[in-house]
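Student: Mind having a look at this structure? Questions to follow.
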Amino acid sequence: MRRFAQAFADVDVLPIGLPDEVAAALAGAPDRYNIGKGKPACVLAMADPGGAVAADMAWGLVPRWSREPATRYTTVTARLGRAPTSRVFAQAWKQRPCVVPMSGYYKWARQHPPPWPHFIQRSDGLTLLAAGLWERWDDAETGASLLSFTILTGPNPAIPSPLTKDGPVFLDPSLALRWLAGDITSPATLALRALQPALESYPVSRRIRDPALDDYTLLEPADPVAEAASRLDEEEASWDDADADD
């Protein structure tokens with residue numbers, strides 16, 4: 001996954017079990033329909049001291065030992081089984097779990113050319129809660145700070161065909177709070193207890209590859225045949241095909 005959406009109209013779309021103050025913060029968060037690498041998203045983390053809080057963070061974890069607020073690696077996602085031993089993610093795994101609420105996310109079907117994006121969401125319309133890791137990078141010279149995060153991924157048989165059965169690790173609210181509290185330290189335990197909600201998907205416009213676009217129309221169903229027929233070559237050249245990676 002390289003794109004996801006956060007648009008929480010009110011607390012009714014949030015799964016029951018989140019603290020009231022967290023639910024209120026999510027309901028008041030700005031709507032974002034095309035969150036990509038480097039873009040801000042609303043993320044849940046533990047305050048020190050205190051309970052879970054919502055904060056904006058940039059997507060794509062930057063480890064605190066990095067010399068600059070960027071990496072030459074792709075860090076928007078981290079494989080669940082490898083994160084605890086990864087040089088990039090190991091410290092965050094030990095100390096900084098987070099939860100990334102999302103209305104849904106985009107995933108590309110590649111069975112037939114051209115590849116086409118689908119939007120995946122819960123069948124009941126509720127918000128998905130994805131396990132993640134976060135980090136704080138500080139600039140020693142200027143004192144500036146950057147909060148960033150990654151989303152943990154693994155096998156997910158609930159993902160509809162023809163999409164590949166791999167995606168974010170989803171949690172129910174009670175497990176999400178335990179994850180935030182640091183009660184779960186094993187990838188195997190997290191995978192075993194992860195929520196597998198019923199999911200549905202439908203094709204959307206390839207316009208999501210344009211990072212400048214961010215509105216609700218990106219979630220509207222699209223006709224791949226009709227859109228492919230009207231697609232202009234110059235538009236194809238202007239977008240970054242790397243955004244179509246799963």
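Labels used: A, B, ... for chains in the order of the structure tokens, numbers from 1 for residues in each chain, and numbers from 1 for ligands as shown.
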Looking only at alpha helix (DSSP H) from DSSP on the backbone, list the matching residues of stretch 17-242 of chain A as a PyMOL selection string.

Tutor: chain A and resi 20-27+90-95+173-181+187-193+224-230+233-238

Student: Would you write out those residues with N, CA and C atoms, as a CSV table (one decimal), in the first residue's frame?

Tutor:
```csv
chain,number,residue,atom,x,y,z
A,20,ASP,N,-13.3,8.0,24.9
A,20,ASP,CA,-14.1,9.1,24.4
A,20,ASP,C,-13.3,10.3,23.9
A,21,GLU,N,-12.2,10.6,24.6
A,21,GLU,CA,-11.4,11.7,24.1
A,21,GLU,C,-10.7,11.4,22.8
A,22,VAL,N,-10.3,10.2,22.6
A,22,VAL,CA,-9.7,9.8,21.4
A,22,VAL,C,-10.7,9.8,20.2
A,23,ALA,N,-11.9,9.2,20.5
A,23,ALA,CA,-12.9,9.2,19.5
A,23,ALA,C,-13.2,10.7,19.0
A,24,ALA,N,-13.3,11.6,20.0
A,24,ALA,CA,-13.6,13.0,19.7
A,24,ALA,C,-12.5,13.6,18.9
A,25,ALA,N,-11.3,13.3,19.2
A,25,ALA,CA,-10.2,13.8,18.4
A,25,ALA,C,-10.2,13.3,17.0
A,26,LEU,N,-10.5,12.0,16.8
A,26,LEU,CA,-10.5,11.5,15.4
A,26,LEU,C,-11.7,12.1,14.6
A,27,ALA,N,-12.8,12.3,15.3
A,27,ALA,CA,-14.0,12.8,14.6
A,27,ALA,C,-13.7,14.3,14.2
A,90,ALA,N,13.7,-1.4,14.7
A,90,ALA,CA,13.8,-2.1,16.0
A,90,ALA,C,13.5,-1.2,17.2
A,91,GLN,N,14.1,-0.1,17.2
A,91,GLN,CA,13.9,0.8,18.4
A,91,GLN,C,12.5,1.2,18.6
A,92,ALA,N,11.8,1.6,17.5
A,92,ALA,CA,10.4,2.0,17.5
A,92,ALA,C,9.6,0.8,18.0
A,93,TRP,N,9.9,-0.4,17.5
A,93,TRP,CA,9.2,-1.6,17.9
A,93,TRP,C,9.2,-1.8,19.5
A,94,LYS,N,10.3,-1.5,20.1
A,94,LYS,CA,10.5,-1.7,21.5
A,94,LYS,C,9.8,-0.6,22.3
A,95,GLN,N,9.7,0.6,21.8
A,95,GLN,CA,9.3,1.7,22.6
A,95,GLN,C,8.2,2.5,22.1
A,173,PRO,N,-10.5,-2.4,18.9
A,173,PRO,CA,-10.2,-1.4,19.9
A,173,PRO,C,-9.5,-1.8,21.1
A,174,SER,N,-9.9,-3.0,21.7
A,174,SER,CA,-9.3,-3.4,22.9
A,174,SER,C,-7.8,-3.9,22.7
A,175,LEU,N,-7.6,-4.5,21.6
A,175,LEU,CA,-6.2,-4.9,21.2
A,175,LEU,C,-5.4,-3.7,20.9
A,176,ALA,N,-6.0,-2.7,20.2
A,176,ALA,CA,-5.3,-1.5,19.9
A,176,ALA,C,-4.8,-0.8,21.1
A,177,LEU,N,-5.6,-0.8,22.1
A,177,LEU,CA,-5.1,-0.1,23.4
A,177,LEU,C,-4.1,-0.9,24.1
A,178,ARG,N,-4.1,-2.2,24.0
A,178,ARG,CA,-3.1,-3.0,24.6
A,178,ARG,C,-1.8,-2.9,23.8
A,179,TRP,N,-1.9,-2.8,22.5
A,179,TRP,CA,-0.7,-2.6,21.6
A,179,TRP,C,-0.1,-1.2,22.0
A,180,LEU,N,-0.9,-0.2,22.2
A,180,LEU,CA,-0.3,1.1,22.5
A,180,LEU,C,0.3,1.1,23.9
A,181,ALA,N,-0.2,0.3,24.8
A,181,ALA,CA,0.3,0.3,26.2
A,181,ALA,C,1.6,-0.5,26.2
A,187,PRO,N,5.7,-10.4,17.5
A,187,PRO,CA,5.0,-10.4,16.3
A,187,PRO,C,4.0,-11.5,16.1
A,188,ALA,N,4.4,-12.7,16.6
A,188,ALA,CA,3.5,-13.8,16.5
A,188,ALA,C,2.2,-13.6,17.3
A,189,THR,N,2.3,-13.0,18.5
A,189,THR,CA,1.1,-12.7,19.3
A,189,THR,C,0.3,-11.7,18.7
A,190,LEU,N,0.9,-10.7,18.1
A,190,LEU,CA,0.1,-9.6,17.4
A,190,LEU,C,-0.6,-10.2,16.2
A,191,ALA,N,0.0,-11.0,15.5
A,191,ALA,CA,-0.6,-11.6,14.3
A,191,ALA,C,-1.7,-12.6,14.7
A,192,LEU,N,-1.5,-13.3,15.7
A,192,LEU,CA,-2.5,-14.3,16.2
A,192,LEU,C,-3.8,-13.6,16.6
A,193,ARG,N,-3.7,-12.4,17.3
A,193,ARG,CA,-4.8,-11.7,17.9
A,193,ARG,C,-5.4,-10.6,17.0
A,224,PRO,N,-12.8,1.0,-15.0
A,224,PRO,CA,-11.5,0.9,-15.6
A,224,PRO,C,-11.4,1.0,-17.1
A,225,VAL,N,-12.4,0.3,-17.7
A,225,VAL,CA,-12.3,0.3,-19.2
A,225,VAL,C,-12.5,1.7,-19.8
A,226,ALA,N,-13.5,2.4,-19.3
A,226,ALA,CA,-13.8,3.7,-19.8
A,226,ALA,C,-12.7,4.7,-19.5
A,227,GLU,N,-12.1,4.6,-18.3
A,227,GLU,CA,-11.1,5.5,-17.9
A,227,GLU,C,-9.8,5.2,-18.7
A,228,ALA,N,-9.5,3.9,-18.9
A,228,ALA,CA,-8.3,3.6,-19.6
A,228,ALA,C,-8.4,4.1,-21.0
A,229,ALA,N,-9.6,4.0,-21.6
A,229,ALA,CA,-9.7,4.5,-23.0
A,229,ALA,C,-9.5,6.0,-23.2
A,230,SER,N,-9.8,6.7,-22.1
A,230,SER,CA,-9.7,8.2,-22.2
A,230,SER,C,-8.4,8.7,-21.6
A,233,ASP,N,-1.6,10.1,-22.7
A,233,ASP,CA,-0.2,9.7,-22.6
A,233,ASP,C,0.6,10.7,-21.7
A,234,GLU,N,0.3,12.0,-21.9
A,234,GLU,CA,1.1,13.0,-21.2
A,234,GLU,C,0.8,12.9,-19.7
A,235,GLU,N,-0.4,12.5,-19.3
A,235,GLU,CA,-0.8,12.4,-17.9
A,235,GLU,C,0.0,11.2,-17.3
A,236,GLU,N,0.1,10.1,-18.1
A,236,GLU,CA,0.8,9.0,-17.6
A,236,GLU,C,2.2,9.3,-17.3
A,237,ALA,N,2.8,10.1,-18.2
A,237,ALA,CA,4.3,10.5,-18.0
A,237,ALA,C,4.5,11.4,-16.8
A,238,SER,N,3.4,12.1,-16.5
A,238,SER,CA,3.6,13.1,-15.4
A,238,SER,C,3.5,12.5,-14.0
```

Student: Can you tell me, as a ChimeraX atom specification, what residues are no more than 9 Å from stretch 1-6 of chain A when counting only C-alpha atoms, ignoring any on the same chain fewer than 4 positions away?

Tutor: /A:29-37,41-42,76-77,101-108,119,127,167-168,208-209,219,242-246

Student: According to DSSP computed on the backbone, where in stretch 7-197 of chain A is there strand (DSSP E)? Give the residues as a PyMOL selection string.

Tutor: chain A and resi 32-35+40-46+52-59+77-79+97-102+104-109+116-122+128-138+145-155+166-168

Student: Can you tell me which residues surround A:Gly132 at a distance of at most 6 Å, considering only C-alpha atoms, apart from same-chain residues fewer than 3 positions away, and format the answer as a list in words?

Tutor: Pro97, Cys98, Val99, Thr150, Ile151 and Leu152 of chain A

Student: Each residue of stretch 108-197 of chain A with at least one atom at most 12 Å from stretch 67-72 of chain A should appear once, together with its nearest atom pair and the corresponding distance in Å (one decimal); atoms considered: only C-alpha atoms; ordering: chain, then increasing residue number; output as a Markdown table.

Tutor:
```
| residue | atom | partner | partner_atom | distance |
| --- | --- | --- | --- | --- |
| A:Glu135 | CA | A:Pro69 | CA | 11.2 |
| A:Arg136 | CA | A:Pro69 | CA | 9.8 |
| A:Trp137 | CA | A:Pro69 | CA | 6.9 |
| A:Asp138 | CA | A:Pro69 | CA | 8.3 |
| A:Asp139 | CA | A:Glu68 | CA | 7.8 |
| A:Ala140 | CA | A:Arg67 | CA | 9.7 |
| A:Glu141 | CA | A:Glu68 | CA | 11.2 |
| A:Thr142 | CA | A:Glu68 | CA | 11.9 |
| A:Ala144 | CA | A:Pro69 | CA | 10.0 |
| A:Ser145 | CA | A:Pro69 | CA | 8.8 |
| A:Leu146 | CA | A:Pro69 | CA | 7.2 |
| A:Leu147 | CA | A:Pro69 | CA | 9.7 |
| A:Ser148 | CA | A:Pro69 | CA | 9.5 |
```

Student: Just give me the gap between atom CA of A:Arg206 and atom CA of A:Pro117 in Å, one decimal is fine.

Tutor: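 Answer for the atom CA of A:Arg206 to atom CA of A:Pro117 separation: 6.3 Å.
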
Student: Point out the residue among A:Gly143, A:Pro203, A:Gly182, A:Pro211 with the least atom-to-atom distance to A:Pro160, counting only C-alpha atoms.

Tutor: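 Checking each of A:Gly143, A:Pro203, A:Gly182, A:Pro211 against A:Pro160, counting only C-alpha atoms, the winner is A:Pro203.
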
Student: Taking only C-alpha atoms into account, which of A:Pro162, A:Asp214, A:Gly154, A:His118 comes nearest A:Tyr202?

Tutor: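 Of A:Pro162, A:Asp214, A:Gly154, A:His118, the one nearest A:Tyr202 is A:His118, counting only C-alpha atoms.
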
Student: Considering only C-alpha atoms, state which residue in the set A:Leu61, A:Ile16, A:Ala194, A:Leu213 is at the smallest distance from A:Ala83.

Tutor: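 Ranking A:Leu61, A:Ile16, A:Ala194, A:Leu213 by distance to A:Ala83, first place goes to A:Leu61.
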
Student: Determine the nearest neighbour of A:Ile159 from the options A:Gln196, A:Ser86, A:Gln111, A:Thr185, counting only C-alpha atoms.

Tutor: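 Checking each of A:Gln196, A:Ser86, A:Gln111, A:Thr185 against A:Ile159, counting only C-alpha atoms, the winner is A:Gln196.
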